[in-house]
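Asks: File follows, upload12.csv with CSV, C-alpha atoms and all ligand atoms:
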```csv
chain,number,residue,atom,x,y,z
Q,67,MET,CA,45.6,43.4,-41.4
Q,68,THR,CA,47.0,40.9,-43.9
Q,69,THR,CA,49.5,42.2,-46.4
Q,70,ASN,CA,50.1,41.1,-50.0
Q,71,LYS,CA,53.7,40.4,-51.1
Q,72,GLN,CA,54.2,41.2,-54.7
Q,73,VAL,CA,57.0,41.2,-57.4
Q,74,LEU,CA,57.0,44.4,-59.4
Q,75,LEU,CA,58.8,45.2,-62.7
Q,76,ALA,CA,61.6,47.7,-61.6
Q,77,ASN,CA,63.6,48.0,-64.9
Q,78,ARG,CA,63.3,46.9,-68.5
Q,79,PRO,CA,66.2,44.6,-69.1
Q,80,ASP,CA,68.6,45.1,-71.9
Q,81,GLY,CA,69.9,41.6,-72.6
Q,82,TRP,CA,69.9,39.1,-69.8
Q,83,VAL,CA,67.4,39.6,-67.0
Q,84,LYS,CA,68.9,40.5,-63.6
Q,85,GLU,CA,67.3,40.1,-60.1
Q,86,SER,CA,67.6,43.9,-59.8
Q,87,ASP,CA,65.1,44.2,-62.7
Q,88,PHE,CA,62.4,43.2,-60.1
Q,89,ARG,CA,61.4,44.8,-56.8
Q,90,ILE,CA,59.6,43.1,-53.9
Q,91,ALA,CA,56.8,45.1,-52.4
Q,92,GLU,CA,54.4,44.6,-49.5
Q,93,THR,CA,51.1,46.3,-49.8
Q,94,PRO,CA,47.9,46.2,-47.6
Q,95,LEU,CA,45.5,43.5,-48.8
Q,96,ALA,CA,42.9,45.0,-51.2
Q,97,SER,CA,39.2,44.2,-50.7
Q,98,PRO,CA,37.0,43.2,-53.6
Q,99,GLY,CA,34.5,45.9,-54.7
Q,100,ASP,CA,31.0,45.1,-56.1
Q,101,GLY,CA,31.4,42.1,-58.6
Q,102,GLY,CA,35.0,41.5,-57.4
Q,103,VAL,CA,36.7,38.4,-56.2
Q,104,LEU,CA,39.6,38.2,-53.8
Q,105,VAL,CA,41.8,35.2,-54.5
Q,106,ARG,CA,44.7,33.7,-52.5
Q,107,ASN,CA,47.2,32.4,-55.0
Q,108,LEU,CA,48.4,28.9,-54.3
Q,109,PHE,CA,50.7,28.5,-57.2
Q,110,LEU,CA,52.3,30.9,-59.7
Q,111,SER,CA,53.5,29.8,-63.2
Q,112,LEU,CA,56.9,31.1,-64.4
Q,113,ASP,CA,57.0,31.0,-68.2
Q,114,PRO,CA,59.5,32.2,-70.9
Q,115,TYR,CA,56.9,34.6,-72.5
Q,116,MET,CA,57.3,36.9,-69.4
Q,117,ARG,CA,60.7,38.0,-70.8
Q,118,GLY,CA,58.8,39.6,-73.7
Q,119,ARG,CA,56.4,41.4,-71.4
Q,120,MET,CA,59.4,43.0,-69.5
Q,121,SER,CA,60.4,44.6,-72.8
Q,122,ALA,CA,58.8,47.7,-74.3
Q,123,SER,CA,59.1,46.2,-77.8
Q,124,LYS,CA,55.8,45.7,-79.7
Q,125,SER,CA,54.6,42.1,-79.5
Q,126,TYR,CA,51.3,40.1,-79.5
Q,127,ALA,CA,50.5,41.2,-76.0
Q,128,ALA,CA,51.0,44.4,-74.0
Q,129,SER,CA,54.2,45.0,-71.9
Q,130,VAL,CA,54.0,45.1,-68.1
Q,131,ASP,CA,54.2,48.8,-67.0
Q,132,LEU,CA,57.2,49.8,-64.9
Q,133,GLY,CA,56.3,49.5,-61.3
Q,134,ALA,CA,53.4,47.2,-62.0
Q,135,VAL,CA,53.0,43.6,-60.7
Q,136,MET,CA,54.6,41.1,-63.1
Q,137,VAL,CA,52.1,39.2,-65.3
Q,138,GLY,CA,51.7,35.5,-64.6
Q,139,GLY,CA,49.3,32.6,-64.6
Q,140,THR,CA,48.0,31.5,-61.1
Q,141,VAL,CA,45.9,28.8,-59.4
Q,142,GLY,CA,44.3,30.0,-56.3
Q,143,GLU,CA,41.4,29.8,-53.8
Q,144,VAL,CA,38.6,32.3,-53.6
Q,145,VAL,CA,38.8,34.0,-50.2
Q,146,GLU,CA,36.0,36.5,-50.5
Q,147,SER,CA,33.5,37.0,-53.4
Q,148,ARG,CA,31.1,39.8,-54.2
Q,149,ASN,CA,30.5,38.2,-57.6
Q,150,PRO,CA,27.6,35.7,-57.9
Q,151,LYS,CA,29.6,33.4,-60.2
Q,152,PHE,CA,32.2,32.6,-57.4
Q,153,LYS,CA,32.1,31.6,-53.8
Q,154,ALA,CA,34.7,31.3,-51.1
Q,155,GLY,CA,36.6,28.0,-51.5
Q,156,ASP,CA,36.3,27.8,-55.3
Q,157,ILE,CA,39.6,26.9,-57.0
Q,158,VAL,CA,40.3,29.3,-59.9
Q,159,VAL,CA,42.9,29.6,-62.7
Q,160,GLY,CA,43.7,33.1,-63.8
Q,161,TYR,CA,46.3,35.6,-64.6
Q,162,LEU,CA,46.7,37.3,-61.2
Q,163,GLY,CA,50.4,37.8,-61.5
Q,164,TRP,CA,53.5,37.5,-59.2
Q,165,GLN,CA,51.7,38.1,-55.9
Q,166,GLN,CA,50.2,36.3,-53.0
Q,167,TYR,CA,46.7,37.6,-53.4
Q,168,GLY,CA,44.8,39.1,-56.4
Q,169,VAL,CA,41.6,40.9,-56.9
Q,170,SER,CA,39.6,40.2,-60.1
Q,171,ASP,CA,36.3,41.2,-61.6
Q,172,GLY,CA,35.9,37.5,-62.4
Q,173,LYS,CA,36.1,37.8,-66.2
Q,174,ASP,CA,39.6,36.3,-66.4
Q,175,LEU,CA,39.0,33.5,-63.8
Q,176,ARG,CA,38.1,30.0,-64.7
Q,177,LYS,CA,36.8,27.6,-62.1
Q,178,VAL,CA,38.5,24.2,-62.0
Q,179,ALA,CA,37.7,21.0,-60.3
Q,180,ARG,CA,39.9,19.3,-57.7
Q,181,ARG,CA,40.8,16.1,-59.6
Q,182,ASN,CA,43.1,13.3,-59.0
Q,183,PHE,CA,46.3,15.3,-59.7
Q,184,PRO,CA,48.0,18.3,-58.0
Q,185,LEU,CA,46.4,21.7,-58.6
Q,186,SER,CA,49.7,23.0,-59.9
Q,187,LEU,CA,49.1,20.9,-63.1
Q,188,TYR,CA,46.5,23.5,-64.1
Q,189,LEU,CA,49.5,25.7,-64.9
Q,190,GLY,CA,51.4,22.9,-66.7
Q,191,ALA,CA,50.3,19.8,-68.5
Q,192,VAL,CA,46.6,20.6,-67.9
Q,193,GLY,CA,47.0,24.3,-68.5
Q,194,MET,CA,48.5,26.8,-71.0
Q,195,PRO,CA,51.7,24.8,-71.8
Q,196,GLY,CA,49.8,21.6,-72.3
Q,197,VAL,CA,47.3,23.3,-74.6
Q,198,THR,CA,50.1,24.9,-76.5
Q,199,ALA,CA,51.7,21.5,-77.1
Q,200,TRP,CA,48.3,20.1,-78.2
Q,201,ILE,CA,47.5,22.9,-80.6
Q,202,GLY,CA,50.9,23.2,-82.2
Q,203,LEU,CA,51.3,19.5,-82.7
Q,204,ASN,CA,47.8,18.5,-83.8
Q,205,LYS,CA,46.7,21.6,-85.7
Q,206,ILE,CA,50.0,22.7,-87.3
Q,207,GLY,CA,52.2,19.5,-87.1
Q,208,GLN,CA,49.3,17.2,-88.0
Q,209,PRO,CA,51.2,14.0,-87.2
Q,210,LYS,CA,50.7,10.7,-88.9
Q,211,ALA,CA,51.7,7.3,-87.5
Q,212,GLY,CA,55.2,6.3,-88.5
Q,213,GLU,CA,56.5,9.9,-88.9
Q,214,THR,CA,59.5,11.3,-87.0
Q,215,VAL,CA,58.8,14.2,-84.7
Q,216,VAL,CA,61.7,16.1,-83.1
Q,217,VAL,CA,60.9,18.5,-80.3
Q,218,SER,CA,63.3,20.9,-78.5
Q,219,ALA,CA,63.3,22.0,-74.9
Q,220,ALA,CA,62.1,18.4,-74.7
Q,221,SER,CA,62.0,17.9,-70.9
Q,222,GLY,CA,60.2,21.2,-70.3
Q,223,ALA,CA,56.5,22.1,-69.8
Q,224,VAL,CA,55.6,22.2,-73.5
Q,225,GLY,CA,58.1,19.8,-75.0
Q,226,SER,CA,57.4,17.0,-72.6
Q,227,VAL,CA,53.7,17.1,-73.6
Q,228,VAL,CA,54.4,17.4,-77.3
Q,229,GLY,CA,56.6,14.3,-77.3
Q,230,GLN,CA,54.1,12.2,-75.3
Q,231,LEU,CA,51.2,13.2,-77.5
Q,232,ALA,CA,53.2,12.4,-80.6
Q,233,LYS,CA,54.0,8.9,-79.2
Q,234,LEU,CA,50.4,8.3,-78.5
Q,235,GLN,CA,49.8,8.9,-82.2
Q,236,GLY,CA,52.3,6.3,-83.3
Q,237,CYS,CA,55.2,8.6,-84.2
Q,238,ARG,CA,58.9,8.1,-83.6
Q,239,VAL,CA,59.8,10.9,-81.2
Q,240,VAL,CA,63.3,12.4,-80.6
Q,241,GLY,CA,63.8,15.1,-78.0
Q,242,VAL,CA,66.5,17.7,-77.9
Q,243,ALA,CA,67.5,18.7,-74.3
Q,244,GLY,CA,70.3,20.2,-72.3
Q,245,GLY,CA,72.3,17.5,-70.5
Q,246,ALA,CA,72.4,13.7,-70.0
Q,247,LEU,CA,69.9,13.7,-67.1
Q,248,LYS,CA,67.2,15.5,-69.1
Q,249,CYS,CA,67.8,13.3,-72.1
Q,250,ALA,CA,67.5,10.2,-69.9
Q,251,HIS,CA,64.2,11.5,-68.4
Q,252,THR,CA,62.7,12.0,-71.9
Q,253,MET,CA,63.4,8.4,-72.9
Q,254,GLN,CA,63.0,6.5,-69.6
Q,255,ASP,CA,60.1,8.3,-68.0
Q,256,LEU,CA,58.3,10.0,-71.0
Q,257,GLY,CA,58.9,7.1,-73.5
Q,258,PHE,CA,60.7,9.1,-76.3
Q,259,ASP,CA,62.6,6.9,-78.8
Q,260,GLY,CA,65.7,9.0,-78.7
Q,261,CYS,CA,67.2,12.3,-77.5
Q,262,VAL,CA,70.0,14.6,-78.5
Q,263,ASP,CA,71.9,16.4,-75.7
Q,264,TYR,CA,72.6,19.7,-77.5
Q,265,LYS,CA,75.1,20.7,-74.9
Q,266,ALA,CA,77.4,17.8,-75.9
Q,267,GLY,CA,78.4,20.0,-78.9
Q,268,HIS,CA,77.5,17.9,-82.0
Q,269,ILE,CA,73.8,18.4,-82.6
Q,270,ALA,CA,73.9,17.7,-86.4
Q,271,HIS,CA,75.7,14.4,-86.0
Q,272,ASP,CA,73.5,13.2,-83.1
Q,273,LEU,CA,70.3,14.2,-85.0
Q,274,GLU,CA,71.4,12.0,-87.9
Q,275,ARG,CA,71.9,9.1,-85.5
Q,276,GLU,CA,68.5,9.6,-83.7
Q,277,ALA,CA,66.5,10.5,-86.8
Q,278,PRO,CA,68.0,8.3,-89.5
Q,279,ASP,CA,64.9,8.6,-91.7
Q,280,GLY,CA,64.8,12.4,-91.6
Q,281,ILE,CA,62.4,14.6,-89.7
Q,282,ASP,CA,58.7,15.1,-90.6
Q,283,ILE,CA,57.8,17.5,-87.8
Q,284,TYR,CA,60.1,19.8,-85.9
Q,285,PHE,CA,58.3,21.3,-82.9
Q,286,ASP,CA,60.5,24.3,-82.3
Q,287,ASN,CA,60.7,25.8,-78.8
Q,288,VAL,CA,64.2,27.2,-79.1
Q,289,GLY,CA,65.3,28.5,-82.5
Q,290,GLY,CA,69.0,29.2,-83.0
Q,291,ASP,CA,71.6,26.4,-83.4
Q,292,ILE,CA,69.1,23.6,-82.9
Q,293,LEU,CA,66.8,24.9,-85.7
Q,294,GLU,CA,69.8,25.3,-88.0
Q,295,ALA,CA,70.9,21.7,-87.3
Q,296,VAL,CA,67.4,20.4,-87.9
Q,297,ILE,CA,66.8,22.1,-91.3
Q,298,PRO,CA,69.1,19.9,-93.4
Q,299,ARG,CA,67.4,16.8,-92.0
Q,300,LEU,CA,63.8,17.8,-92.9
Q,301,ASN,CA,61.9,15.5,-95.1
Q,302,PRO,CA,59.8,16.7,-98.1
Q,303,PHE,CA,56.6,18.3,-96.8
Q,304,ALA,CA,57.9,18.6,-93.3
Q,305,ARG,CA,56.0,20.9,-90.8
Q,306,ILE,CA,57.5,23.2,-88.2
Q,307,PRO,CA,55.1,24.5,-85.6
Q,308,LEU,CA,57.2,27.5,-84.4
Q,309,CYS,CA,56.2,27.7,-80.8
Q,310,GLY,CA,59.1,29.6,-79.2
Q,311,LEU,CA,62.6,31.0,-79.7
Q,312,ILE,CA,63.9,30.8,-76.2
Q,313,SER,CA,67.6,30.9,-77.3
Q,314,ASP,CA,66.9,34.4,-78.6
Q,315,TYR,CA,64.8,36.0,-75.9
Q,316,ASN,CA,67.7,37.6,-74.1
Q,317,ALA,CA,69.6,38.5,-77.2
Q,318,THR,CA,70.2,42.2,-77.9
Q,319,THR,CA,70.1,41.7,-81.6
Q,320,PRO,CA,67.9,38.9,-83.1
Q,321,ARG,CA,69.4,36.0,-84.9
Q,322,GLY,CA,69.2,36.2,-88.7
Q,323,ILE,CA,67.1,34.0,-90.9
Q,324,PRO,CA,68.8,30.7,-91.8
Q,325,ASP,CA,69.4,29.4,-95.4
Q,326,MET,CA,65.9,29.3,-96.9
Q,327,ARG,CA,66.7,27.0,-99.8
Q,328,PRO,CA,65.7,23.8,-98.1
Q,329,PHE,CA,62.3,25.3,-97.2
Q,330,LEU,CA,61.6,25.7,-100.9
Q,331,ILE,CA,63.2,22.5,-102.2
Q,332,LYS,CA,61.5,20.3,-99.5
Q,333,ARG,CA,58.2,22.3,-99.5
Q,334,VAL,CA,58.4,22.8,-95.8
Q,335,LYS,CA,55.6,24.5,-93.9
Q,336,LEU,CA,56.7,26.7,-91.0
Q,337,GLN,CA,54.0,28.4,-88.9
Q,338,GLY,CA,54.4,30.6,-85.8
Q,339,PHE,CA,51.5,30.4,-83.4
Q,340,ILE,CA,50.3,31.7,-80.1
Q,341,CYS,CA,48.1,29.5,-78.0
Q,342,SER,CA,45.6,32.2,-77.2
Q,343,ASP,CA,44.9,32.7,-81.0
Q,344,THR,CA,42.5,29.7,-80.9
Q,345,MET,CA,40.7,29.8,-77.6
Q,346,GLU,CA,37.9,27.7,-79.2
Q,347,LEU,CA,40.3,24.7,-79.1
Q,348,TRP,CA,41.0,25.0,-75.4
Q,349,PRO,CA,38.1,23.1,-73.9
Q,350,GLU,CA,38.7,20.0,-76.1
Q,351,ALA,CA,42.5,20.1,-75.4
Q,352,LEU,CA,42.0,20.6,-71.7
Q,353,LYS,CA,39.6,17.7,-71.5
Q,354,GLN,CA,41.9,15.3,-73.3
Q,355,LEU,CA,45.0,16.5,-71.3
Q,356,GLY,CA,43.2,16.3,-67.9
Q,357,ASP,CA,42.0,12.7,-68.7
Q,358,LEU,CA,45.4,11.6,-69.9
Q,359,VAL,CA,47.0,13.0,-66.7
Q,360,GLU,CA,44.3,11.5,-64.4
Q,361,ASN,CA,44.6,8.0,-65.9
Q,362,GLY,CA,48.4,8.1,-65.6
Q,363,THR,CA,49.1,8.1,-69.4
Q,364,LEU,CA,50.6,11.6,-69.6
Q,365,LYS,CA,53.6,12.0,-67.3
Q,366,HIS,CA,54.7,15.3,-65.8
Q,367,ARG,CA,57.5,16.7,-63.8
Q,368,GLU,CA,57.9,20.1,-62.0
Q,369,THR,CA,60.5,22.2,-60.4
Q,370,VAL,CA,58.8,23.9,-57.4
Q,371,VAL,CA,60.3,27.0,-55.8
Q,372,GLU,CA,58.9,28.1,-52.5
Q,373,GLY,CA,57.9,31.7,-51.8
Q,374,ILE,CA,57.1,34.7,-54.1
Q,375,GLU,CA,60.4,36.4,-53.2
Q,376,ASN,CA,62.3,33.6,-54.9
Q,377,ALA,CA,60.4,34.0,-58.2
Q,378,PRO,CA,62.9,36.4,-59.9
Q,379,LYS,CA,65.9,34.1,-59.4
Q,380,ALA,CA,63.9,31.1,-60.6
Q,381,PHE,CA,62.7,32.9,-63.6
Q,382,ILE,CA,66.2,33.9,-64.7
Q,383,GLY,CA,67.1,30.2,-64.4
Q,384,LEU,CA,64.6,29.3,-67.0
Q,385,PHE,CA,66.9,30.7,-69.7
Q,386,LYS,CA,69.8,28.7,-68.4
Q,387,GLY,CA,67.9,25.4,-68.2
Q,388,GLU,CA,68.0,25.4,-64.4
Q,389,ASN,CA,64.4,24.1,-64.3
Q,390,PHE,CA,63.7,20.5,-64.9
Q,391,GLY,CA,60.1,20.2,-66.1
Q,392,LYS,CA,57.4,22.9,-65.5
Q,393,LEU,CA,58.6,25.8,-63.3
Q,394,ILE,CA,56.2,26.6,-60.5
Q,395,VAL,CA,56.3,28.9,-57.5
Q,396,LYS,CA,54.4,27.6,-54.4
Q,397,LEU,CA,52.9,30.5,-52.6
Q,398,ALA,CA,50.8,28.9,-49.9
T,401,LIG,N1,53.5,30.1,-78.8
T,401,LIG,C1,52.9,29.9,-77.6
T,401,LIG,O1,51.7,30.2,-77.4
T,401,LIG,C2,53.8,29.4,-76.4
T,401,LIG,C3,53.1,29.0,-75.2
T,401,LIG,C4,54.0,28.5,-74.2
T,401,LIG,C5,55.3,28.4,-74.4
T,401,LIG,N2,55.9,28.8,-75.6
T,401,LIG,C6,57.3,28.7,-75.8
T,401,LIG,O2,57.7,27.4,-75.7
T,401,LIG,C7,59.0,27.3,-75.3
T,401,LIG,C8,59.1,26.3,-74.1
T,401,LIG,O3,58.4,26.9,-73.0
T,401,LIG,P1,58.1,26.1,-71.7
T,401,LIG,O4,57.2,26.9,-70.9
T,401,LIG,O5,57.9,24.7,-72.0
T,401,LIG,O6,59.6,26.2,-71.0
T,401,LIG,P2,60.4,25.0,-70.4
T,401,LIG,O7,60.8,24.1,-71.6
T,401,LIG,O8,59.7,24.3,-69.3
T,401,LIG,O9,61.7,25.8,-69.9
T,401,LIG,C9,62.6,26.4,-70.7
T,401,LIG,C10,63.7,25.5,-71.2
T,401,LIG,O10,64.2,26.0,-72.4
T,401,LIG,C11,65.5,25.4,-72.6
T,401,LIG,N3,66.4,26.5,-73.0
T,401,LIG,C12,66.6,27.7,-72.4
T,401,LIG,N4,67.6,28.4,-73.0
T,401,LIG,C13,67.9,27.6,-74.1
T,401,LIG,C14,68.9,27.8,-75.1
T,401,LIG,N5,69.6,28.9,-75.3
T,401,LIG,N6,69.0,26.8,-76.0
T,401,LIG,C15,68.3,25.7,-75.9
T,401,LIG,N7,67.4,25.4,-74.9
T,401,LIG,C16,67.2,26.4,-74.0
T,401,LIG,C17,65.9,24.9,-71.2
T,401,LIG,O11,66.0,23.5,-71.3
T,401,LIG,P3,67.3,22.7,-71.6
T,401,LIG,O12,67.9,22.5,-70.2
T,401,LIG,O13,66.9,21.5,-72.2
T,401,LIG,O14,68.2,23.6,-72.4
T,401,LIG,C18,64.8,25.3,-70.3
T,401,LIG,O15,64.6,24.4,-69.2
T,401,LIG,C19,59.5,28.7,-75.0
T,401,LIG,O16,60.2,29.1,-76.2
T,401,LIG,C20,58.2,29.4,-74.9
T,401,LIG,O17,58.3,30.8,-75.2
T,401,LIG,C21,55.1,29.3,-76.6
```
Using structure tokens, write down the structure from this file.

Replies:
Amino acid sequence: MTTNKQVLLANRPDGWVKESDFRIAETPLASPGDGGVLVRNLFLSLDPYMRGRMSASKSYAASVDLGAVMVGGTVGEVVESRNPKFKAGDIVVGYLGWQQYGVSDGKDLRKVARRNFPLSLYLGAVGMPGVTAWIGLNKIGQPKAGETVVVSAASGAVGSVVGQLAKLQGCRVVGVAGGALKCAHTMQDLGFDGCVDYKAGHIAHDLEREAPDGIDIYFDNVGGDILEAVIPRLNPFARIPLCGLISDYNATTPRGIPDMRPFLIKRVKLQGFICSDTMELWPEALKQLGDLVENGTLKHRETVVEGIENAPKAFIGLFKGENFGKLIVKLA
């Protein structure tokens, strides 16, 4: 009998996540019941939002129960189907979690085509992170040609797409990333106009150099020191799509609200958003992103970790910038 290796939530972390907050389990492979689909996961996505699901605090989505399989986006191949909508061999995107196989009733599975790019991209530029970039930039940021867009976590899954989409719309794009290598990547490979290495220690000074005409859109993936350095450089009527606050996810006490006066004086719009709020936008976003990747316009980079048992360590690395591009676990 084939077994299913899984990663379970063992403890709710207080502060930084530890490998001991997870437990590896091996269970007999479940069979799909009537209407069910058995999927062999090929790739698992590791994403910052999972830190929130490990906590019991109230949020926009339910926490993972202690002892349950960790939540996670997957791309896999249908092995066995007792659901008329799916057949063996179909490639499906879903949320089957940190495990080698998953059983679904089919409602949360979306069939995808084999296209001229790796299937793992359905978890990155042509998946949830890409759609997040598309929605936050286009619907909240509303960029206009000639404007200056700054994006943090710029070499990552969301940030890399934000910057490239903004460039396509004629904006000046400045990334903020950790380290010279990541900054060089945003400019040389992704076509950004400038980049600030926030680890160099003088964010405000470097932002002034890279965005001399001020900032019209700040796509915030990080919060904290970078947000505080951006605020004084915002132009009148600037927009801030507040996508993430990764610098705060492991903090035991949340960072306070910065000086709000510039928001009033400059009439700044700041809007938090969650990509799943506007599911009606996904088909259009996915179509555009898929076409841009397929025709080579939208560049992408991944850090691929092999084997489900290595997911916990890789996940912890997300919060230290150890990934370079979309973080993926290859399962098969
Ligand atoms: N609102 C939504 O619906 C939605 C959906 C998807 C993602 N998000 C959010 O978008 C953000 C980016 O997610 P992603 O999937 O694209 O991840 P990612 O950028 O691929 O990976 C995370 C990156 O964050 C940076 N980082 C980590 N800790 C940091 C810190 N203390 N200060 C500054 N940078 C830090 C690191 O890059 P450096 O090496 O450059 O520091 C790291 O590589 C996260 O905040 C995530 O929660 C929101």

Asks: Excluding stretch 391-393 of chain Q and its own-chain neighbours fewer than 4 positions away, which residues fall within 12 Å of it when counting all atoms listed in the file? Please give them as a PyMOL selection string.

Replies: chain Q and resi 109-114+138-139+186-196+219-227+243-244+247-249+251-252+256+365-372+377-385+387

Asks: Which residue, Q:Gly118, Q:Lys396, Q:Leu358, Q:Leu300, has the smallest gap to ligand LIG 401 (chain T) when you use all atoms listed in the file?

Replies: Q:Gly118

Asks: Which neighbours of Q:Asp343 fall inside 12 Å, counting only C-alpha atoms, when residues of the same chain fewer than 2 positions from it are skipped, and could you give them as a PDB file with C-alpha atoms, in the frame of the given file?

Replies:
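Contents of the output file around.pdb:
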```pdb
ATOM      1  CA  TYR Q 126      51.300  40.100 -79.500  1.00  0.00           C
ATOM      2  CA  ALA Q 127      50.500  41.200 -76.000  1.00  0.00           C
ATOM      3  CA  VAL Q 197      47.300  23.300 -74.600  1.00  0.00           C
ATOM      4  CA  THR Q 198      50.100  24.900 -76.500  1.00  0.00           C
ATOM      5  CA  ILE Q 201      47.500  22.900 -80.600  1.00  0.00           C
ATOM      6  CA  GLY Q 202      50.900  23.200 -82.200  1.00  0.00           C
ATOM      7  CA  GLY Q 338      54.400  30.600 -85.800  1.00  0.00           C
ATOM      8  CA  PHE Q 339      51.500  30.400 -83.400  1.00  0.00           C
ATOM      9  CA  ILE Q 340      50.300  31.700 -80.100  1.00  0.00           C
ATOM     10  CA  CYS Q 341      48.100  29.500 -78.000  1.00  0.00           C
ATOM     11  CA  MET Q 345      40.700  29.800 -77.600  1.00  0.00           C
ATOM     12  CA  GLU Q 346      37.900  27.700 -79.200  1.00  0.00           C
ATOM     13  CA  LEU Q 347      40.300  24.700 -79.100  1.00  0.00           C
ATOM     14  CA  TRP Q 348      41.000  25.000 -75.400  1.00  0.00           C
TER      15      TRP Q 348
END
```

Asks: Around the point (68.5, 18.3, -79.1) in the file's coordinates, collect all residues with an atom within 10 Å, using only C-alpha atoms, and return them as JSON, numbers by chain.

Replies: {"Q": [216, 217, 218, 219, 220, 240, 241, 242, 243, 244, 245, 249, 260, 261, 262, 263, 264, 265, 266, 268, 269, 270, 272, 273, 276, 288, 291, 292, 293, 295, 296]}

Asks: Between atom P3 of ligand LIG 401 (chain T) and atom CA of Q:Gly163, what is the distance in Å, rounded to a tenth?

Replies: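 Interatomic distance here is 24.8 Å.
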
Asks: Which is closer to ligand LIG 401 (chain T) than all the others in Q:Met116, Q:Arg275, Q:Gly207, Q:Gly373, using all atoms listed in the file?

Replies: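 Closest to ligand LIG 401 (chain T) of all the choices is Q:Met116.
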
Asks: Have a look at Q:Arg180, Q:Glu146, Q:Pro278, Q:Gly290 and name the one nearest to Q:Pro320; count all atoms listed in the file.

Replies: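 Closest to Q:Pro320 of all the choices is Q:Gly290.
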
Asks: When distances are computed from all atoms listed in the file, which of Q:Ile306, Q:Ile297, Q:Ala199, Q:Ala351 shows the smallest separation from ligand LIG 401 (chain T)?

Replies: Q:Ala199

Asks: Nearest residue to Q:Val130 out of Q:Ile157, Q:Arg106, Q:Leu95, Q:Phe88, using all atoms listed in the file?

Replies: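 The closest residue to Q:Val130 is Q:Phe88.
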
Asks: Kindly add N, CA and C atoms to the incomplete stretch 339-354 of chain Q and provide the output as a compact mmCIF listing (two decimals), in the frame of the given file.

Replies:
```txt
# COMPACT_ATOMS: atom_id res chain seq x y z
N PHE Q 339 52.84 30.34 -84.02
CA PHE Q 339 51.50 30.40 -83.40
C PHE Q 339 51.57 30.80 -81.97
N ILE Q 340 50.46 31.35 -81.49
CA ILE Q 340 50.30 31.70 -80.10
C ILE Q 340 49.09 31.01 -79.58
N CYS Q 341 49.23 30.35 -78.43
CA CYS Q 341 48.10 29.50 -78.00
C CYS Q 341 46.82 30.19 -77.80
N SER Q 342 46.88 31.47 -77.48
CA SER Q 342 45.60 32.20 -77.20
C SER Q 342 44.92 32.64 -78.51
N ASP Q 343 45.54 32.36 -79.69
CA ASP Q 343 44.90 32.70 -81.00
C ASP Q 343 43.61 31.85 -81.16
N THR Q 344 43.62 30.66 -80.60
CA THR Q 344 42.50 29.70 -80.90
C THR Q 344 41.90 29.22 -79.60
N MET Q 345 41.27 30.16 -78.90
CA MET Q 345 40.70 29.80 -77.60
C MET Q 345 39.56 28.78 -77.75
N GLU Q 346 38.98 28.68 -78.96
CA GLU Q 346 37.90 27.70 -79.20
C GLU Q 346 38.41 26.26 -79.06
N LEU Q 347 39.74 26.07 -79.17
CA LEU Q 347 40.30 24.70 -79.10
C LEU Q 347 40.59 24.30 -77.63
N TRP Q 348 40.61 25.28 -76.74
CA TRP Q 348 41.00 25.00 -75.40
C TRP Q 348 40.19 23.96 -74.63
N PRO Q 349 38.85 24.04 -74.69
CA PRO Q 349 38.10 23.10 -73.90
C PRO Q 349 38.37 21.63 -74.30
N GLU Q 350 38.44 21.36 -75.61
CA GLU Q 350 38.70 20.00 -76.10
C GLU Q 350 40.14 19.56 -75.62
N ALA Q 351 41.11 20.48 -75.80
CA ALA Q 351 42.50 20.10 -75.40
C ALA Q 351 42.57 19.89 -73.91
N LEU Q 352 41.97 20.76 -73.11
CA LEU Q 352 42.00 20.60 -71.70
C LEU Q 352 41.37 19.33 -71.18
N LYS Q 353 40.28 18.98 -71.85
CA LYS Q 353 39.60 17.70 -71.50
C LYS Q 353 40.47 16.54 -71.71
N GLN Q 354 41.06 16.49 -72.93
CA GLN Q 354 41.90 15.30 -73.30
C GLN Q 354 43.15 15.29 -72.34
```
